[in-house]
Each structure stands twice: as C-alpha cells, then as structure tokens.
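Raw contents of final_16.cif, mmCIF, C-alpha atoms:
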```cif
data_protein
loop_
_atom_site.label_atom_id
_atom_site.label_comp_id
_atom_site.auth_asym_id
_atom_site.auth_seq_id
_atom_site.Cartn_x
_atom_site.Cartn_y
_atom_site.Cartn_z
CA PHE K 1 75.01 98.61 43.35
CA GLY K 2 77.06 101.73 44.11
CA PRO K 3 78.78 100.46 47.31
CA LEU K 4 79.59 97.13 45.63
CA ILE K 5 81.08 98.81 42.55
CA ALA K 6 83.06 101.22 44.74
CA ASN K 7 84.49 98.34 46.80
CA PRO K 8 84.63 95.15 44.66
CA ARG K 9 86.20 93.23 47.56
CA SER K 10 82.68 93.15 49.01
CA LEU K 11 81.97 90.30 46.59
CA LEU K 12 84.21 88.04 48.69
CA LEU K 13 82.19 88.74 51.82
CA GLY K 14 78.95 88.05 49.98
CA ALA K 15 80.38 84.76 48.71
CA ALA K 16 81.61 83.73 52.17
CA ALA K 17 78.12 84.12 53.64
CA GLN K 18 76.77 81.56 51.15
CA PHE K 19 78.47 78.77 53.11
CA GLY K 20 75.27 78.67 55.15
CA ILE K 21 73.41 77.36 52.10
CA PHE K 22 75.75 74.46 51.43
CA THR K 23 76.28 73.57 55.10
CA THR K 24 72.53 73.31 55.55
CA PHE K 25 72.23 71.30 52.35
CA LEU K 26 74.62 68.71 53.81
CA GLY K 27 72.73 68.73 57.11
CA ALA K 28 69.40 68.16 55.35
CA VAL K 29 70.85 65.24 53.39
CA ALA K 30 72.15 63.74 56.66
CA LEU K 31 68.61 63.99 58.12
CA GLY K 32 67.21 61.95 55.25
CA PHE K 33 65.90 64.56 52.83
CA THR K 34 66.43 63.93 49.11
CA GLY K 35 68.96 66.00 47.17
CA ALA K 36 66.27 68.23 45.65
CA GLU K 37 64.57 68.75 49.02
CA ALA K 38 67.89 69.46 50.74
CA ALA K 39 68.78 72.02 48.05
CA SER K 40 65.45 73.79 48.60
CA ILE K 41 65.97 73.83 52.37
CA GLY K 42 69.56 75.03 52.06
CA ILE K 43 68.60 78.06 50.00
CA ILE K 44 66.81 79.45 53.08
CA GLY K 45 70.33 80.48 54.15
CA GLY K 46 70.48 82.85 51.19
CA ALA K 47 68.03 85.08 53.11
CA ASP K 48 66.30 85.90 49.84
CA GLY K 49 62.61 85.01 49.93
CA PRO K 50 61.86 85.13 46.17
CA THR K 51 64.93 83.00 45.42
CA ALA K 52 63.84 80.41 48.01
CA ILE K 53 60.33 80.28 46.56
CA PHE K 54 61.63 80.08 42.98
CA LEU K 55 64.02 77.21 43.69
CA THR K 56 61.56 75.29 45.89
CA SER K 57 58.80 75.55 43.28
CA LYS K 58 61.19 73.93 40.79
CA LEU K 59 62.74 71.24 42.99
CA ALA K 60 60.39 70.44 45.90
CA PRO K 61 56.97 72.13 45.47
CA HIS K 62 55.48 69.97 48.25
CA LEU K 63 57.75 71.81 50.73
CA LEU K 64 56.92 75.31 49.48
CA GLY K 65 54.81 76.28 52.51
CA PRO K 66 57.29 75.37 55.28
CA ILE K 67 60.30 76.72 53.37
CA ALA K 68 58.60 80.04 52.54
CA VAL K 69 57.49 80.48 56.16
CA ALA K 70 60.99 79.65 57.46
CA ALA K 71 62.73 81.92 54.93
CA TYR K 72 60.60 84.99 55.58
CA SER K 73 60.44 84.43 59.35
CA TYR K 74 64.22 84.33 59.70
CA MET K 75 64.63 87.31 57.37
CA ALA K 76 62.41 89.25 59.79
CA LEU K 77 64.43 87.96 62.77
CA VAL K 78 67.83 89.05 61.40
CA PRO K 79 68.12 91.87 64.01
CA ILE K 80 67.71 89.26 66.76
CA ILE K 81 69.73 86.38 65.30
CA GLN K 82 72.80 88.22 64.03
CA PRO K 83 74.05 90.59 66.81
CA PRO K 84 74.97 87.88 69.39
CA ILE K 85 76.94 85.98 66.71
CA MET K 86 78.67 89.16 65.53
CA ARG K 87 79.72 90.13 69.04
CA ALA K 88 80.87 86.61 69.91
CA LEU K 89 83.17 86.39 66.88
CA THR K 90 84.73 89.87 67.04
CA THR K 91 86.70 91.90 69.55
CA LYS K 92 85.78 95.39 70.72
CA GLU K 93 88.78 96.76 68.81
CA GLU K 94 87.55 95.17 65.59
CA ARG K 95 83.99 96.44 66.05
CA MET K 96 85.27 100.01 66.57
CA VAL K 97 87.14 100.20 63.25
CA LYS K 98 86.09 103.21 61.17
CA MET K 99 86.27 102.66 57.41
CA GLU K 100 87.23 105.24 54.82
CA GLN K 101 84.50 106.86 52.76
CA LEU K 102 83.69 105.03 49.51
CA ARG K 103 84.59 106.66 46.21
CA PRO K 104 81.78 108.21 44.12
CA VAL K 105 80.38 105.84 41.49
CA THR K 106 79.44 107.23 38.09
CA LYS K 107 76.07 106.72 36.44
CA THR K 108 77.76 104.90 33.57
CA GLU K 109 79.22 102.33 35.99
CA LYS K 110 75.80 101.78 37.55
CA ILE K 111 74.27 101.13 34.12
CA VAL K 112 77.06 98.94 32.72
CA PHE K 113 77.36 96.78 35.86
CA PRO K 114 73.90 95.09 35.76
CA ILE K 115 74.18 94.52 32.01
CA MET K 116 77.58 92.85 32.31
CA VAL K 117 76.54 90.73 35.31
CA THR K 118 73.46 89.50 33.43
CA ILE K 119 75.47 88.60 30.33
CA LEU K 120 78.22 86.81 32.28
CA GLY K 121 75.69 85.06 34.53
CA ALA K 122 73.65 83.82 31.58
CA LEU K 123 76.76 82.53 29.80
CA LEU K 124 78.33 80.83 32.83
CA LEU K 125 75.18 79.62 34.60
CA PRO K 126 72.09 79.67 32.34
CA SER K 127 69.85 78.23 35.08
CA ALA K 128 70.40 81.41 37.16
CA ALA K 129 69.71 83.77 34.26
CA GLY K 130 66.10 84.38 35.28
CA LEU K 131 66.94 85.29 38.87
CA LEU K 132 69.92 87.46 37.98
CA GLY K 133 68.09 89.04 35.06
CA MET K 134 65.13 90.20 37.16
CA LEU K 135 67.41 91.59 39.87
CA MET K 136 69.50 93.50 37.35
CA LEU K 137 66.50 94.70 35.32
CA GLY K 138 64.94 96.37 38.34
CA ASN K 139 68.15 98.25 39.09
CA LEU K 140 68.59 99.16 35.43
CA PHE K 141 65.10 100.69 35.43
CA ARG K 142 66.19 102.94 38.28
CA GLU K 143 69.68 103.88 37.16
CA SER K 144 68.91 104.48 33.48
CA GLY K 145 66.62 107.39 34.33
CA VAL K 146 64.67 107.03 31.07
CA VAL K 147 61.79 104.78 32.14
CA ASP K 148 60.56 106.70 35.14
CA ARG K 149 56.90 105.64 34.74
CA ILE K 150 57.82 101.94 34.50
CA PHE K 151 60.21 102.23 37.44
CA LYS K 152 57.58 103.84 39.67
CA THR K 153 55.02 101.18 38.69
CA ALA K 154 57.49 98.36 39.37
CA GLN K 155 58.45 99.63 42.84
CA ASN K 156 54.90 100.46 43.92
CA GLU K 157 51.75 99.05 42.29
CA LEU K 158 53.30 96.03 40.58
CA ILE K 159 55.33 94.81 43.57
CA ASN K 160 52.28 95.21 45.83
CA ILE K 161 50.10 93.15 43.48
CA VAL K 162 52.78 90.47 43.14
CA THR K 163 53.25 90.34 46.94
CA ILE K 164 49.51 89.83 47.51
CA PHE K 165 49.31 86.98 44.99
CA LEU K 166 52.56 85.46 46.24
CA GLY K 167 51.40 85.45 49.85
CA THR K 168 48.00 84.03 48.90
CA THR K 169 49.33 81.23 46.69
CA VAL K 170 52.12 80.21 49.08
CA GLY K 171 49.66 80.25 51.98
CA ALA K 172 47.32 78.00 50.02
CA THR K 173 50.03 75.34 49.82
CA ALA K 174 50.44 75.25 53.62
CA SER K 175 47.59 72.81 54.23
CA ALA K 176 47.51 71.08 57.62
CA GLU K 177 48.50 67.63 56.36
CA LYS K 178 51.62 69.06 54.71
CA PHE K 179 52.54 71.76 57.22
CA LEU K 180 51.83 70.28 60.67
CA THR K 181 54.46 67.54 60.50
CA PRO K 182 57.81 66.77 62.20
CA GLN K 183 59.41 67.50 58.83
CA THR K 184 58.36 71.15 59.13
CA LEU K 185 60.13 71.44 62.50
CA MET K 186 63.31 70.03 60.93
CA ILE K 187 63.07 72.55 58.09
CA ILE K 188 62.67 75.45 60.53
CA GLY K 189 65.63 74.20 62.58
CA LEU K 190 67.79 73.81 59.47
CA GLY K 191 66.77 77.32 58.36
CA LEU K 192 68.07 78.73 61.64
CA LEU K 193 71.31 76.80 61.15
CA ALA K 194 71.63 78.28 57.66
CA PHE K 195 71.33 81.85 58.96
CA CYS K 196 73.76 81.27 61.82
CA VAL K 197 76.40 79.63 59.63
CA GLY K 198 76.03 82.28 56.91
CA THR K 199 76.43 85.10 59.44
CA SER K 200 79.41 83.37 61.09
CA THR K 201 81.32 82.68 57.88
CA GLY K 202 80.69 86.22 56.68
CA VAL K 203 82.06 87.71 59.91
CA LEU K 204 85.03 85.31 60.01
CA PHE K 205 85.99 86.20 56.44
CA GLY K 206 85.57 89.84 57.45
CA LYS K 207 88.20 89.20 60.15
CA VAL K 208 90.52 87.78 57.48
CA MET K 209 90.04 90.95 55.40
CA TYR K 210 90.52 93.06 58.55
CA ILE K 211 93.98 91.53 59.00
CA ALA K 212 94.86 91.55 55.29
CA SER K 213 93.89 95.23 54.92
CA GLY K 214 96.00 96.34 57.87
CA LYS K 215 92.99 96.76 60.18
CA LYS K 216 91.13 99.05 57.75
CA ILE K 217 88.06 96.83 57.22
CA ASN K 218 85.50 96.36 59.98
CA PRO K 219 84.63 92.62 60.18
CA LEU K 220 81.04 93.46 61.14
CA ILE K 221 80.18 94.21 57.51
CA GLY K 222 80.77 90.52 56.73
CA SER K 223 77.49 89.62 58.43
CA ALA K 224 75.67 91.65 55.76
CA GLY K 225 76.66 89.00 53.21
CA VAL K 226 73.46 87.30 54.35
CA SER K 227 71.33 88.89 51.69
CA ALA K 228 68.37 90.19 53.69
CA VAL K 229 68.45 93.61 52.00
CA PRO K 230 68.74 96.11 53.60
CA MET K 231 68.07 94.70 57.08
CA ALA K 232 71.41 92.87 57.41
CA ALA K 233 73.31 96.05 56.47
CA ARG K 234 71.36 98.01 59.09
CA VAL K 235 72.28 95.42 61.73
CA SER K 236 75.98 95.90 60.88
CA GLN K 237 75.49 99.65 61.28
CA VAL K 238 73.67 99.36 64.62
CA VAL K 239 76.18 96.92 66.18
CA GLY K 240 79.15 99.00 65.00
CA GLN K 241 77.66 102.26 66.22
CA LYS K 242 77.02 100.85 69.70
CA GLU K 243 80.78 100.37 70.08
CA ASN K 244 81.73 103.63 68.39
CA PRO K 245 78.98 106.28 68.07
CA SER K 246 80.88 108.02 65.25
CA ASN K 247 81.02 104.83 63.20
CA PHE K 248 78.92 104.71 60.01
CA LEU K 249 79.08 101.29 58.36
CA LEU K 250 75.75 101.27 56.50
CA MET K 251 77.03 102.03 53.00
CA HIS K 252 80.09 99.80 53.48
CA ALA K 253 77.77 96.96 54.56
CA MET K 254 75.50 97.46 51.54
CA GLY K 255 78.32 96.15 49.32
CA PRO K 256 78.37 92.65 50.90
CA ASN K 257 74.57 92.83 51.23
CA VAL K 258 74.04 93.26 47.49
CA ALA K 259 76.84 90.77 46.76
CA GLY K 260 74.94 88.28 48.92
CA VAL K 261 71.82 88.71 46.77
CA ILE K 262 73.87 87.96 43.66
CA GLY K 263 75.58 85.07 45.44
CA SER K 264 72.31 83.48 46.55
CA ALA K 265 70.96 83.70 42.98
CA ILE K 266 74.10 81.99 41.68
CA ALA K 267 73.91 79.33 44.41
CA ALA K 268 70.28 78.68 43.46
CA GLY K 269 71.34 78.37 39.82
CA VAL K 270 74.03 75.84 40.74
CA LEU K 271 71.59 73.73 42.80
CA LEU K 272 68.95 73.95 40.05
CA SER K 273 71.42 72.81 37.40
CA ILE K 274 72.40 69.80 39.55
CA PHE K 275 68.99 68.69 40.83
CA GLY K 276 66.58 70.30 38.37
#
```
I'd like the structure from this file rewritten - as structure tokens, please.
Amino acid sequence: FGPLIANPRSLLLGAAAQFGIFTTFLGAVALGFTGAEAASIGIIGGADGPTAIFLTSKLAPHLLGPIAVAAYSYMALVPIIQPPIMRALTTKEERMVKMEQLRPVTKTEKIVFPIMVTILGALLLPSAAGLLGMLMLGNLFRESGVVDRIFKTAQNELINIVTIFLGTTVGATASAEKFLTPQTLMIIGLGLLAFCVGTSTGVLFGKVMYIASGKKINPLIGSAGVSAVPMAARVSQVVGQKENPSNFLLMHAMGPNVAGVIGSAIAAGVLLSIFG
C-alpha cells in the first residue's frame, strides 16, 4: 500500500476504472440477463479473480464456470488488451511525462492504513467486509513484521493449496451443458467490454489529472486502475518506457493498481447488498 499512501490521489484513478463494472452490468441487463447474473458478469471488469468468484458464488452460482474462465483469461491478456487503448487515448507528449519520486512511507502508516480501511469498509458497507478484510489482513501480516511464520505460510503453502482447490472446484462447475452455450459467448464478450471500458475510463481520468496537475501526472498510470495486480502496473511501465526510456512509472502505477483492488471489492459489496 506504500505507493497509494504516498499519493492518495491514486484512489480516484482506481475508482474511475470501476466504470467498466457498471457499464458491463447495464449491457448484460440489456441482453436479457437477470440483475444478479448481470452483477456477476459486470464484476469481471474488476480484474480481480477471487472477487469475481466470491460474488458469482453468492449471486449466480450457475454461471461460475464461464465467469471464472472469462475473468482469469482477460487478466492474463492485460498486456495485449491494454496497450492499444492506452496509445489511442493519449498523445506522445502525455506518455513521455516523468513523475516525481514518491515520498517514503513509514511502517506505522502501512500498519494503520489496512486497519482503518477495514473498519471504515465494515461500517459503511458490511457486505464487502469479508473481501476487504482478507485483503487487508494479508498486508497486515507482512507489514507488522511480528508474524513472519504465518506470513510465509500464507504467501506460499496456503495460497498454493487454496489455488489448487479453487481451480478444481471451479473447473468442476464447467460441465458441457452449462458451459458450451451461446450464453457463455455473451459472457466472454461482455468481459472484454468490461476490461476495455475500465482501461479507457482510467486513462481518460488520468488525462484529467494530467491537466489539473499542470502536466505532472502521466495519464498512463490510469490504466492500472484495472486491478490485475501487478500486471496492469507493469503494462503502464512498459508503455511509458517505450516512449521515454528514462521513464519509471511502476511504483506510481501501483497506487491506482491497489486502489483498483479496493474499488472492485467495494463494487462487489454494493452489488451484493442490492442483489444478494
């Protein structure tokens, strides 16, 4: 959370990229999906696989297979999907902007931040407390420095075991009669729309911040608001460095990237509270 704490304006870029979720939700409703199904499809645009699986299992478990496949496929395709959109929406001058180095963030800030976000999230949006709480707990394990054994287990053995069971159980739901349908093609198409809209709105809001900051913010970091961590931030770095080899946007892009993770969890909580 260091880059986000050092530059709180990154939250705005993370929020802007969540437009992909709600645009896709409206598109799914227009195609005849129910509200709960449309909400589950829309969350693909959050580019957060566990969040998509969590929400879909609550609202539309019969669509879990197609939505999980679409979510993880597009997360893997971020380096292919995002660059053409980023270049189309920005000028060479904007892509060459070098940003100032972020301020150092203290250990106390890194410990207080996840605790405060969890408390505020649970009070304002109880349905998102589980998602936010797990995200913040993992970071608190790392930053506290006092549960080293638990932290190492969580980031190695435990996550590997969970990934195996998650892949197996989600795969078991993708039976032929549920997966090989025209509905699956619509879900995959809507998932692509979600990623494209999320990337576009993030970059466009980055252009607004570029102007408002007096050309000190590179709009490319807005694309990292799509919360595929850390792939989306790396894409911002690669595209920016192609225009200006001395440009290093990775840490600046990690702010919107992490903000996007928080934003997608909040969006999932909102949809769950409405349709759950």
Distance criterion (all atoms listed in the file): nearest to Val270 (chain K) out of K:Gln101, K:Thr118, K:Ser127, K:Asn257: K:Ser127
Residue list as a list in words for point (82.9, 99.9, 45.5), cut-off 9 Å, all atoms listed in the file: Phe1, Gly2, Pro3, Leu4, Ile5, Ala6, Asn7, Pro8, Arg9, Ser10, Leu102, Arg103, Pro104, Val105, His252 and Gly255 of chain K
Pairwise distance for CA of Ala71 (chain K) and CA of Ile44 (chain K), rounded to one decimal in Å: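 A separation of 5.1 Å between them.
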Which of K:Ala76, K:Ala36, K:Ile217, K:Val117 sits closest to Lys58 (chain K) [using all atoms listed in the file]: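 Distance minimum relative to Lys58 (chain K) lands on K:Ala36.
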Exercise: Phe275 (chain K) partners within 8 Å, all atoms listed in the file, chain neighbours under 6 positions left out, as an MDAnalysis selection string: chainID K and resid 35:36 39 59
Selection result for the PyMOL selection byres ((chain K and resi 205) around 9) on this file, as a list in words: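 So the PyMOL selection byres ((chain K and resi 205) around 9) ends up selecting Leu12, Leu13, Ala16, Ala17, Ser200, Thr201, Gly202, Val203, Leu204, Gly206, Lys207, Val208, Met209, Tyr210, Pro219 and Gly222 of chain K.
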Expansion of the PyMOL selection byres ((chain K and resi 243) around 10) into residues, as a PyMOL selection string: chain K and resi 92-97+238-242+244-247
Using only the atoms of region 242-258 of chain K listed in the file, plus 4 Å on each side, state the axis-aligned box centre and edge lengths in Å rounded to one decimal, as AutoDock Vina command-line options.
```
--center_x 77.9 --center_y 100.3 --center_z 58.8 --size_x 15.7 --size_y 23.4 --size_z 30.6
```
All residues 12 Å or closer to Pro79 (chain K), only C-alpha atoms, same chain fewer than 3 positions away omitted, as a list of chain:residue names: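 Counting only C-alpha atoms, the residues come to K:Ser73, K:Tyr74, K:Met75, K:Ala76, K:Gln82, K:Pro83, K:Pro84, K:Ile85, K:Met86, K:Phe195, K:Thr199, K:Ser223, K:Ala224, K:Val226, K:Ala228, K:Pro230, K:Met231, K:Ala232, K:Ala233, K:Arg234, K:Val235, K:Ser236, K:Gln237, K:Val238, K:Val239.
When the distance limit is 10 Å and only C-alpha atoms are what count, the residues near Ser264 (chain K), minus those fewer than 4 positions from it on the same chain, are K:Gly14, K:Ala15, K:Ala17, K:Gln18, K:Ile21, K:Ile43, K:Ile44, K:Gly45, K:Gly46, K:Ala47, K:Asp48, K:Thr51, K:Ala52, K:Ala128, K:Leu131, K:Leu132, K:Gly225, K:Val226, K:Ser227, K:Val258, K:Ala259, K:Gly260, K:Ala268, K:Gly269, K:Val270.
Using only C-alpha atoms, the nearest neighbour of Thr108 (chain K) within the list K:Ile81, K:Gly20, K:Glu143, K:Leu31 is K:Glu143.
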Given the PyMOL selection byres ((chain K and resi 60) around 10), the residues it picks as an MDAnalysis selection string: chainID K and resid 34:41 53 55:59 61:64 67 276
Computed interatomic separation between CA of Ile187 (chain K) and CA of Ile262 (chain K) (Å): 23.7 Å
For Ile115 (chain K), the nearest of the candidates K:Leu135, K:Leu193, K:Ala28, K:Leu185, counting only C-alpha atoms: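 For Ile115 (chain K), the nearest of the candidates is K:Leu135.
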Selected residue of minimal separation from Pro50 (chain K) among K:Ala176, K:Leu120, K:Ala68, K:Ile274, counting all atoms listed in the file: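 Nearest candidate to Pro50 (chain K) out of K:Ala176, K:Leu120, K:Ala68, K:Ile274: K:Ala68.
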Minimum-distance residue to Phe33 (chain K), chosen among K:Leu249, K:Ala267, K:Met254, K:Leu190 (using all atoms listed in the file):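 Ranking K:Leu249, K:Ala267, K:Met254, K:Leu190 by distance to Phe33 (chain K), first place goes to K:Leu190.
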CA of Lys110 (chain K) to CA of Ile221 (chain K), distance in Å rounded to a single decimal: 21.8 Å
